[in-house]
>>> print(open('input12.cif').read())   # mmCIF, C-alpha atoms
data_data
#
loop_
_atom_site.label_atom_id
_atom_site.label_comp_id
_atom_site.auth_asym_id
_atom_site.auth_seq_id
_atom_site.Cartn_x
_atom_site.Cartn_y
_atom_site.Cartn_z
CA MET T 1 -7.86 4.90 28.07
CA THR T 2 -10.09 2.26 29.64
CA SER T 3 -12.88 2.83 27.17
CA LEU T 4 -10.45 2.59 24.25
CA CYS T 5 -9.31 -0.81 25.40
CA GLY T 6 -12.90 -1.92 25.73
CA THR T 7 -13.62 -1.05 22.11
CA GLY T 8 -10.36 -2.39 20.74
CA ARG T 9 -9.82 -4.41 17.63
CA LYS T 10 -11.84 -7.59 17.33
CA ARG T 11 -9.74 -10.72 17.27
CA GLY T 12 -9.16 -11.94 13.76
CA SER T 13 -9.39 -8.61 11.95
CA ALA T 14 -5.85 -7.68 11.00
CA ALA T 15 -4.78 -4.08 11.03
CA HIS T 16 -2.83 -2.92 8.02
CA VAL T 17 -0.64 0.01 7.12
CA GLY T 18 0.78 0.32 3.65
CA GLY T 19 3.34 2.56 2.07
CA GLY T 20 2.18 1.73 -1.41
CA ALA T 21 4.19 2.82 -4.33
CA ALA T 22 5.54 5.76 -2.50
CA GLY T 23 8.44 3.55 -1.61
CA GLY T 24 8.91 4.48 2.01
CA GLN T 25 6.67 7.50 2.41
CA MET T 26 4.60 5.63 4.99
CA ALA T 27 6.26 7.24 7.99
CA SER T 28 5.73 10.78 6.77
CA SER T 29 2.18 10.58 5.42
CA ALA T 30 -1.28 11.08 6.86
CA GLY T 31 -3.55 8.08 7.16
CA LEU T 32 -6.53 6.38 8.77
CA ALA T 33 -6.98 2.99 10.42
CA LEU T 34 -9.85 1.36 12.26
CA CYS T 35 -9.56 -0.99 15.23
CA GLY T 36 -13.06 -2.08 16.18
CA GLN T 37 -14.76 1.23 17.00
CA VAL T 38 -11.50 3.07 17.53
CA LEU T 39 -10.50 5.41 14.72
CA VAL T 40 -6.75 6.00 14.47
CA VAL T 41 -5.34 8.99 12.59
CA ARG T 42 -1.69 9.02 11.58
CA GLY T 43 0.17 12.26 10.98
CA GLY T 44 3.91 11.99 10.49
CA SER T 45 5.28 10.15 13.51
CA ARG T 46 2.22 10.81 15.69
CA PHE T 47 -0.91 8.73 16.14
CA LEU T 48 -4.24 9.92 17.52
CA ALA T 49 -6.93 7.40 18.53
CA THR T 50 -10.47 7.96 19.74
CA SER T 51 -13.68 5.96 19.84
CA THR T 52 -16.42 6.57 17.28
CA ALA T 53 -19.08 5.25 19.67
CA ASN T 54 -21.03 7.94 21.51
CA SER T 55 -21.31 5.71 24.58
CA ASP T 56 -17.54 5.76 25.09
CA GLY T 57 -17.36 9.41 26.05
CA ASP T 58 -14.68 11.77 24.82
CA VAL T 59 -11.51 9.77 25.53
CA LEU T 60 -8.43 10.59 23.43
CA PHE T 61 -5.16 8.67 23.16
CA THR T 62 -2.02 9.99 21.42
CA TYR T 63 1.32 8.32 20.70
CA ASP T 64 4.50 9.86 19.30
CA CYS T 65 6.89 7.45 17.57
CA SER T 66 9.73 9.99 17.58
CA THR T 67 9.64 10.01 21.38
CA ALA T 68 9.38 6.23 21.52
CA GLY T 69 12.46 6.02 19.29
CA LYS T 70 14.60 7.33 22.16
CA LYS T 71 13.99 4.23 24.24
CA SER T 72 16.47 1.41 24.66
CA GLU T 73 17.58 -0.31 21.45
CA GLU T 74 16.74 -3.74 22.91
CA ASN T 75 13.03 -2.92 22.63
CA LYS T 76 13.25 -2.11 18.93
CA GLY T 77 12.68 -4.30 15.93
CA THR T 78 14.76 -3.30 12.91
CA VAL T 79 14.87 -4.19 9.24
CA VAL T 80 17.69 -3.69 6.75
CA ARG T 81 15.89 -1.19 4.51
CA ARG T 82 13.07 1.31 4.98
CA CYS T 83 9.64 -0.22 5.58
CA THR T 84 7.01 0.12 2.86
CA ALA T 85 4.06 -1.77 4.39
CA LEU T 86 3.11 -3.74 7.47
CA THR T 87 0.22 -5.85 8.70
CA PHE T 88 -0.73 -8.02 11.66
CA THR T 89 -1.59 -11.66 11.18
CA ALA T 90 -5.19 -12.63 11.89
CA SER T 91 -4.13 -14.31 15.14
CA GLU T 92 -2.40 -11.06 16.16
CA GLU T 93 0.68 -13.04 17.19
CA LYS T 94 2.97 -11.61 14.51
CA LEU T 95 3.63 -8.36 12.71
CA LEU T 96 4.74 -8.69 9.08
CA VAL T 97 6.90 -5.89 7.70
CA ALA T 98 7.80 -5.41 4.03
CA ASP T 99 10.78 -3.27 3.06
CA LYS T 100 12.36 -1.55 0.06
CA SER T 101 14.80 -4.39 -0.60
CA GLY T 102 11.91 -6.79 -1.30
CA ASP T 103 12.05 -8.72 1.99
CA VAL T 104 9.33 -9.54 4.51
CA TYR T 105 10.22 -9.85 8.20
CA SER T 106 8.04 -11.14 11.01
CA PHE T 107 8.15 -9.78 14.56
CA SER T 108 6.59 -11.49 17.54
CA VAL T 109 3.86 -9.54 19.31
CA LEU T 110 4.00 -11.84 22.34
CA GLU T 111 7.79 -11.50 22.70
CA PRO T 112 8.68 -8.04 21.35
CA GLN T 113 12.31 -8.30 22.47
CA GLU T 114 12.99 -10.99 19.85
CA CYS T 115 14.72 -10.01 16.61
CA GLY T 116 12.80 -10.02 13.37
CA LYS T 117 12.79 -13.19 11.29
CA LEU T 118 13.28 -13.05 7.53
CA GLU T 119 10.26 -14.80 6.00
CA LEU T 120 10.55 -14.27 2.24
CA GLY T 121 12.06 -12.06 -0.39
CA HIS T 122 11.41 -10.58 -3.84
CA LEU T 123 13.89 -9.33 -6.41
CA SER T 124 12.20 -5.93 -6.47
CA MET T 125 10.77 -3.47 -3.97
CA LEU T 126 7.66 -4.59 -2.09
CA LEU T 127 4.81 -2.12 -2.05
CA ASP T 128 2.19 -3.98 0.01
CA VAL T 129 1.68 -7.11 2.07
CA ALA T 130 -1.50 -8.87 3.22
CA VAL T 131 -2.46 -12.04 5.07
CA SER T 132 -5.41 -14.34 4.42
CA PRO T 133 -8.05 -14.39 7.21
CA ASP T 134 -7.04 -17.94 8.18
CA ASP T 135 -3.32 -17.02 8.32
CA ARG T 136 -2.50 -19.68 5.71
CA TYR T 137 -1.17 -17.36 3.02
CA VAL T 138 1.02 -14.26 2.80
CA LEU T 139 0.32 -12.09 -0.24
CA THR T 140 2.98 -9.68 -1.43
CA ALA T 141 2.80 -7.04 -4.17
CA ASP T 142 5.93 -5.70 -5.81
CA ARG T 143 7.16 -3.02 -8.16
CA ASP T 144 7.42 -5.44 -11.10
CA GLU T 145 3.67 -6.04 -11.65
CA LYS T 146 3.57 -9.26 -9.61
CA ILE T 147 1.42 -10.53 -6.76
CA ARG T 148 2.89 -13.58 -5.04
CA VAL T 149 0.87 -15.95 -2.85
CA SER T 150 3.13 -17.83 -0.40
CA TRP T 151 2.44 -20.35 2.34
CA ALA T 152 2.75 -18.66 5.74
CA VAL T 153 4.26 -21.72 7.45
CA ALA T 154 6.75 -22.23 4.61
CA PRO T 155 7.15 -18.94 2.73
CA HIS T 156 9.60 -20.50 0.28
CA SER T 157 6.66 -22.54 -1.04
CA ILE T 158 4.74 -20.44 -3.53
CA GLU T 159 1.07 -21.28 -4.02
CA SER T 160 0.55 -19.04 -7.06
CA PHE T 161 1.25 -15.78 -8.84
CA CYS T 162 -1.47 -13.31 -9.80
CA LEU T 163 -0.19 -11.92 -13.11
CA GLY T 164 -1.92 -9.40 -15.33
CA HIS T 165 -1.05 -5.92 -14.12
CA ALA T 166 1.07 -3.88 -16.50
CA GLU T 167 2.57 -1.56 -13.87
CA PHE T 168 3.62 -1.72 -10.21
CA VAL T 169 1.00 -3.19 -7.85
CA SER T 170 0.24 -0.53 -5.26
CA ARG T 171 -2.38 -2.25 -3.08
CA VAL T 172 -3.74 -5.70 -2.26
CA LEU T 173 -6.72 -6.56 -0.05
CA VAL T 174 -8.21 -9.97 0.79
CA VAL T 175 -12.00 -9.60 0.91
CA PRO T 176 -12.91 -10.28 4.57
CA ASP T 177 -16.24 -12.08 4.06
CA HIS T 178 -15.08 -13.84 0.88
CA PRO T 179 -11.57 -14.95 1.90
CA GLU T 180 -10.93 -16.68 -1.42
CA LEU T 181 -11.06 -13.33 -3.27
CA LEU T 182 -8.38 -10.67 -3.63
CA LEU T 183 -8.59 -7.04 -4.75
CA SER T 184 -5.58 -5.31 -6.24
CA SER T 185 -4.75 -1.92 -7.75
CA SER T 186 -1.88 -0.81 -9.90
CA GLY T 187 -0.15 2.00 -11.71
CA ASP T 188 -1.86 0.72 -14.85
CA CYS T 189 -5.07 2.43 -13.60
CA THR T 190 -6.98 -0.79 -13.00
CA LEU T 191 -8.79 -2.44 -10.09
CA ARG T 192 -8.72 -6.23 -10.40
CA LEU T 193 -10.50 -9.11 -8.69
CA TRP T 194 -8.68 -12.43 -8.28
CA GLU T 195 -9.14 -15.95 -7.04
CA TYR T 196 -5.69 -15.77 -5.57
CA ARG T 197 -5.04 -19.42 -4.69
CA SER T 198 -5.18 -20.33 -8.38
CA GLY T 199 -3.88 -16.97 -9.59
CA ARG T 200 -6.95 -16.56 -11.81
CA GLU T 201 -8.13 -13.07 -12.70
CA LEU T 202 -11.91 -12.77 -12.39
CA HIS T 203 -12.62 -9.16 -13.30
CA CYS T 204 -10.81 -5.97 -14.31
CA CYS T 205 -12.08 -2.40 -14.01
CA HIS T 206 -10.26 0.28 -16.04
CA LEU T 207 -10.43 3.49 -14.02
CA THR T 208 -9.62 5.70 -16.99
CA SER T 209 -12.94 4.71 -18.57
CA LEU T 210 -14.77 6.09 -15.52
CA GLN T 211 -13.35 9.60 -15.83
CA GLU T 212 -15.24 12.52 -17.24
CA PRO T 213 -13.43 14.35 -20.09
CA ALA T 214 -14.00 17.71 -18.37
CA GLU T 215 -12.25 16.62 -15.18
CA PRO T 216 -8.91 18.43 -14.69
CA TRP T 217 -7.16 15.14 -13.95
CA GLY T 218 -8.77 13.36 -16.91
CA ASP T 219 -5.49 13.02 -18.84
CA LYS T 220 -3.36 11.99 -15.85
CA ARG T 221 -2.23 8.51 -14.93
CA PHE T 222 -2.71 7.51 -11.32
CA ALA T 223 -2.67 4.55 -8.96
CA ALA T 224 -4.75 3.66 -5.94
CA SER T 225 -3.35 4.59 -2.56
CA ARG T 226 -6.10 2.79 -0.58
CA ILE T 227 -8.63 -0.01 -1.04
CA THR T 228 -11.20 -0.48 1.71
CA TYR T 229 -14.18 -2.83 1.91
CA CYS T 230 -17.56 -2.77 3.67
CA SER T 231 -18.96 -6.26 4.31
CA GLN T 232 -22.41 -4.98 5.27
CA GLU T 233 -22.91 -3.24 1.91
CA SER T 234 -20.53 -5.41 -0.17
CA CYS T 235 -18.93 -2.15 -1.29
CA VAL T 236 -15.37 -1.41 -2.35
CA ALA T 237 -14.03 2.14 -2.02
CA LEU T 238 -10.94 3.08 -3.99
CA LEU T 239 -8.86 6.20 -3.32
CA CYS T 240 -6.47 7.28 -6.06
CA ASP T 241 -3.45 9.39 -5.36
CA CYS T 242 -3.39 13.10 -6.16
CA ILE T 243 -7.04 13.37 -7.23
CA PRO T 244 -9.89 14.35 -4.84
CA VAL T 245 -12.16 11.48 -5.88
CA VAL T 246 -13.21 8.20 -4.25
CA TYR T 247 -14.57 5.48 -6.53
CA ILE T 248 -17.31 3.19 -5.20
CA PHE T 249 -17.79 -0.34 -6.56
CA GLN T 250 -20.25 -3.11 -5.72
CA LEU T 251 -18.83 -6.59 -5.28
CA ASP T 252 -20.98 -9.43 -6.63
CA ALA T 253 -19.21 -12.42 -5.08
CA HIS T 254 -21.63 -14.92 -6.64
CA ARG T 255 -20.96 -13.68 -10.17
CA GLN T 256 -17.35 -12.88 -9.25
CA GLN T 257 -17.32 -9.37 -10.65
CA LEU T 258 -17.19 -5.71 -9.68
CA GLY T 259 -19.81 -3.17 -10.67
CA TYR T 260 -19.08 0.54 -10.79
CA ARG T 261 -21.56 2.59 -8.72
CA GLN T 262 -20.45 6.20 -8.31
CA GLN T 263 -17.75 8.76 -7.64
CA LEU T 264 -17.48 10.84 -4.48
CA ALA T 265 -15.84 14.17 -5.30
CA PHE T 266 -14.22 16.39 -2.66
CA GLN T 267 -13.02 19.99 -2.68
CA HIS T 268 -9.79 19.18 -0.84
CA ARG T 269 -7.10 16.59 -1.24
CA VAL T 270 -8.11 13.27 0.29
CA TRP T 271 -5.39 11.63 2.38
CA ASP T 272 -7.03 8.34 3.31
CA ILE T 273 -10.32 6.44 3.61
CA VAL T 274 -11.63 3.56 5.71
CA PHE T 275 -14.97 1.81 6.11
CA GLU T 276 -16.49 1.29 9.56
CA GLU T 277 -19.19 -1.38 9.63
CA GLY T 278 -22.52 0.11 10.67
CA GLN T 279 -21.11 3.63 10.60
CA GLY T 280 -20.06 4.47 7.05
CA LEU T 281 -17.04 5.59 5.04
CA TRP T 282 -14.58 7.83 6.88
CA VAL T 283 -12.65 10.26 4.67
CA LEU T 284 -9.58 12.16 5.93
CA GLN T 285 -8.91 15.32 3.92
CA ASP T 286 -6.56 18.30 3.88
CA CYS T 287 -8.94 20.81 5.48
CA ARG T 288 -8.59 22.06 9.03
CA GLU T 289 -12.20 23.29 9.19
CA ALA T 290 -13.52 19.87 8.10
CA PRO T 291 -10.72 17.30 8.48
CA LEU T 292 -13.12 14.35 8.31
CA VAL T 293 -16.13 13.50 6.17
CA LEU T 294 -18.47 10.62 7.01
CA CYS T 295 -20.37 9.16 4.04
CA ARG T 296 -23.36 6.85 4.35
CA PRO T 297 -25.64 5.10 1.86
CA VAL T 298 -28.97 6.84 1.25
CA ASP T 299 -31.36 5.24 -1.25
CA GLY T 300 -28.50 3.32 -2.82
CA ARG T 301 -26.20 6.35 -3.15
CA TRP T 302 -23.34 7.26 -0.85
CA GLN T 303 -23.39 10.82 0.43
CA ALA T 304 -21.90 12.92 3.23
CA ASP T 305 -23.65 13.04 6.61
CA PRO T 306 -22.55 16.30 8.27
CA GLU T 307 -24.96 15.87 11.20
CA SER T 308 -23.31 12.75 12.63
CA ALA T 309 -22.46 13.08 16.33
CA ALA T 310 -19.48 10.74 15.90
CA LEU T 311 -18.17 12.93 13.08
CA ARG T 312 -18.41 16.10 15.17
CA LYS T 313 -16.63 14.48 18.12
CA VAL T 314 -13.69 13.04 16.15
CA SER T 315 -13.35 16.17 14.00
CA ALA T 316 -13.08 18.33 17.11
CA HIS T 317 -10.14 16.21 18.31
CA LEU T 318 -8.38 16.57 14.97
CA GLN T 319 -8.92 20.32 14.84
CA ARG T 320 -7.29 20.69 18.26
CA ASN T 321 -4.37 18.50 17.12
CA TRP T 322 -4.09 19.80 13.57
CA ALA T 323 -0.36 20.47 13.97
CA MET T 324 0.32 16.74 13.60
CA LEU T 325 -1.13 16.85 10.07
CA GLU T 326 0.33 20.16 8.90
CA GLY T 327 2.74 19.77 6.01
CA GLU T 328 1.41 16.38 4.91
CA SER T 329 0.01 17.91 1.73
CA VAL T 330 3.56 18.50 0.50
CA SER T 331 5.42 15.66 2.22
CA THR T 332 3.31 12.83 0.82
CA ALA T 333 4.56 11.71 -2.57
CA CYS T 334 2.22 11.31 -5.53
CA PHE T 335 2.23 8.18 -7.67
CA SER T 336 1.69 10.21 -10.89
CA GLY T 337 1.23 6.96 -12.76
CA ARG T 338 4.63 5.63 -11.78
CA CYS T 339 6.31 4.34 -8.67
CA PRO T 340 8.58 7.19 -7.42
CA GLY T 341 11.02 4.70 -5.98
CA TRP T 342 11.22 2.93 -9.33
CA ALA T 343 11.81 6.15 -11.22
CA THR T 344 14.49 7.35 -8.80
CA ASP T 345 16.31 4.01 -8.62
CA ARG T 346 16.20 3.56 -12.40
CA ALA T 347 17.52 7.04 -13.09
CA SER T 348 20.27 6.58 -10.51
CA LEU T 349 21.23 3.23 -12.03
CA GLN T 350 21.32 4.67 -15.54
CA ASN T 351 23.54 7.54 -14.42
CA THR T 352 25.89 5.15 -12.63
CA ILE T 353 26.21 2.84 -15.65
CA HIS T 354 26.70 5.79 -17.99
CA SER T 355 29.54 7.26 -15.93
CA ARG T 356 31.32 3.94 -15.30
CA LYS T 357 31.12 2.23 -18.71
CA PRO T 358 34.82 2.71 -19.58
CA LEU T 359 35.87 1.37 -16.18
CA LEU T 360 33.48 -1.59 -16.41
CA TRP T 361 34.72 -2.42 -19.87
CA ALA T 362 38.36 -2.36 -18.75
CA ARG T 363 37.59 -4.67 -15.83
CA ALA T 364 35.68 -7.03 -18.13
CA GLN T 365 38.67 -7.21 -20.47
CA ASP T 366 41.02 -8.05 -17.60
CA MET T 367 38.66 -10.59 -16.03
CA TRP T 368 37.53 -12.42 -19.18
CA HIS T 369 40.63 -11.77 -21.34
CA VAL T 370 38.53 -10.21 -24.06
CA PRO T 371 40.67 -8.89 -26.92
CA VAL T 372 39.68 -5.31 -27.61
CA SER T 373 40.85 -3.22 -30.52
CA PRO T 374 40.86 0.58 -30.33
CA SER T 375 37.92 0.65 -32.71
CA THR T 376 35.73 -1.48 -30.44
CA ARG T 377 36.75 0.00 -27.08
CA PRO T 378 33.88 2.27 -25.92
CA ALA T 379 34.49 5.88 -25.07
CA ALA T 380 32.77 7.59 -22.14
CA GLY T 381 29.02 7.49 -22.65
CA GLN T 382 29.07 4.69 -25.23
CA GLY T 383 27.62 1.23 -24.83
CA THR T 384 29.26 -2.17 -24.44
CA GLU T 385 27.22 -4.08 -26.99
CA LYS T 386 30.39 -5.64 -28.51
CA LEU T 387 30.63 -8.00 -25.52
CA THR T 388 28.92 -11.21 -26.67
CA HIS T 389 26.94 -13.69 -24.57
CA ALA T 390 29.67 -16.28 -25.11
CA GLN T 391 32.32 -13.91 -23.81
CA ALA T 392 30.18 -12.91 -20.84
CA GLY T 393 29.60 -16.57 -20.03
CA ARG T 394 33.30 -16.97 -19.32
CA GLN T 395 32.84 -15.06 -16.08
CA GLY T 396 32.06 -18.30 -14.27
CA ASP T 397 35.02 -20.23 -15.75
#
>>> encode(input="input12.cif", output="structure tokens")
Amino acid sequence: MTSLCGTGRKRGSAAHVGGGAAGGQMASSAGLALCGQVLVVRGGSRFLATSTANSDGDVLFTYDCSTAGKKSEENKGTVVRRCTALTFTASEEKLLVADKSGDVYSFSVLEPQECGKLELGHLSMLLDVAVSPDDRYVLTADRDEKIRVSWAVAPHSIESFCLGHAEFVSRVLVVPDHPELLLSSSGDCTLRLWEYRSGRELHCCHLTSLQEPAEPWGDKRFAASRITYCSQESCVALLCDCIPVVYIFQLDAHRQQLGYRQQLAFQHRVWDIVFEEGQGLWVLQDCREAPLVLCRPVDGRWQADPESAALRKVSAHLQRNWAMLEGESVSTACFSGRCPGWATDRASLQNTIHSRKPLLWARAQDMWHVPVSPSTRPAAGQGTEKLTHAQAGRQGD
């Protein structure tokens, strides 16, 4: 445990966990995170952390959230709805949590007994949240194609909106060494680059144009479940849900554009990816024999390095603790080109409206004194289009 603390997260680099468009699948999915030279693997409610540095020995740390949940309620921070994403501020003084109702709460790291504070809210479900490296802005992505840029000290003050996506925004990432730039992905199968303070779109990459016709997923719609960035190589890696491919892009900050470089194809489902500066791209996949793959650039092309000592060490830990990852291949929801939460909520709403139309119409007649003849009264399953805007406006009278 001592060596893990010694290689902990550098101050100013915020850790981030997102639920993406899965709408609350965060707690039951497998994932990766990097804190300095400590690689953290999430499987269900359990976390496994170990150092990737050979000099730190073979120390392993595990944490089970289901066990921690049995502690006293006064040590818990709660939100109204299920969490969809969370991130630490750059100062590491606060934890920001986004939930399904569209709200963002902040929790104090220095005083964990304090209740969460409501910071801002959207009208639709939030799918991701990020913070600028200087802690000035909070960036939120929602189910209705919007990215909002709010002032951290006064979240009710909106700096800008980044508008252009045609589907839910699944991921947002502020580029660490170019803090004025933002990367975003969406259910519209695009990766976009923004100057987020002005809300200006700088570049758009259509992922469908990068697919080979012979690929089995070539006709499927998909969204990114992870965006990760390597400052040393100025590379962006994009993992899309339900397909075993990682897309690699080159960021040209001077020209403010993204250049497609290559695809990394895998034989097993990829759960998550993360860049480690000076080490390479870590890939977590659904394979007990080879749970991790470490990719490094060789002559300008990224490729797997099976001989890495760090890879062998961390993989051995995962193989011994594989039970924490079992079942994730079926428990993690797929985007399938649409936000599952959106589809479920919309279908539920449609069913509710359909079944209650006669009752709603009767209540509207009583409330607004709308004269209804038998010919205009809707039967079960029929619409209420006869109610005019003028009549509806009387609700506030």
>>> residues_around(input="input12.cif", residues="Arg46 in chain T", least_positions_apart="5", cutoff="9 Å", atoms="all atoms listed in the file", output="PyMOL selection string")
chain T and resi 41+62-66+324-325
>>> residues_around(input="input12.cif", residues="Val174 in chain T", least_positions_apart="6", cutoff="9 Å", atoms="all atoms listed in the file", output="list in words")
Ala130, Val131, Ser132, Pro133, Leu139, Glu180, Leu181, Leu182, Leu183, Ser184 and Tyr196 of chain T
>>> closest_residue(input="input12.cif", among="T:Ala316, T:Ala90, T:Leu193, T:Ile147", to="Gln257 in chain T", atoms="all atoms listed in the file")
T:Leu193
>>> atom_distance(input="input12.cif", atom1="CA of Ser186 in chain T", atom2="CA of Ser45 in chain T")
26.8 Å
>>> resolve_selection(input="input12.cif", expression="the PyMOL selection byres ((chain T and resi 293-309) around 9)", output="PyMOL selection string")
chain T and resi 52+54+233+248+261-264+279-285+290-292+310-315
>>> atom_distance(input="input12.cif", atom1="CA of Ser124 in chain T", atom2="CA of Phe161 in chain T")
14.9 Å
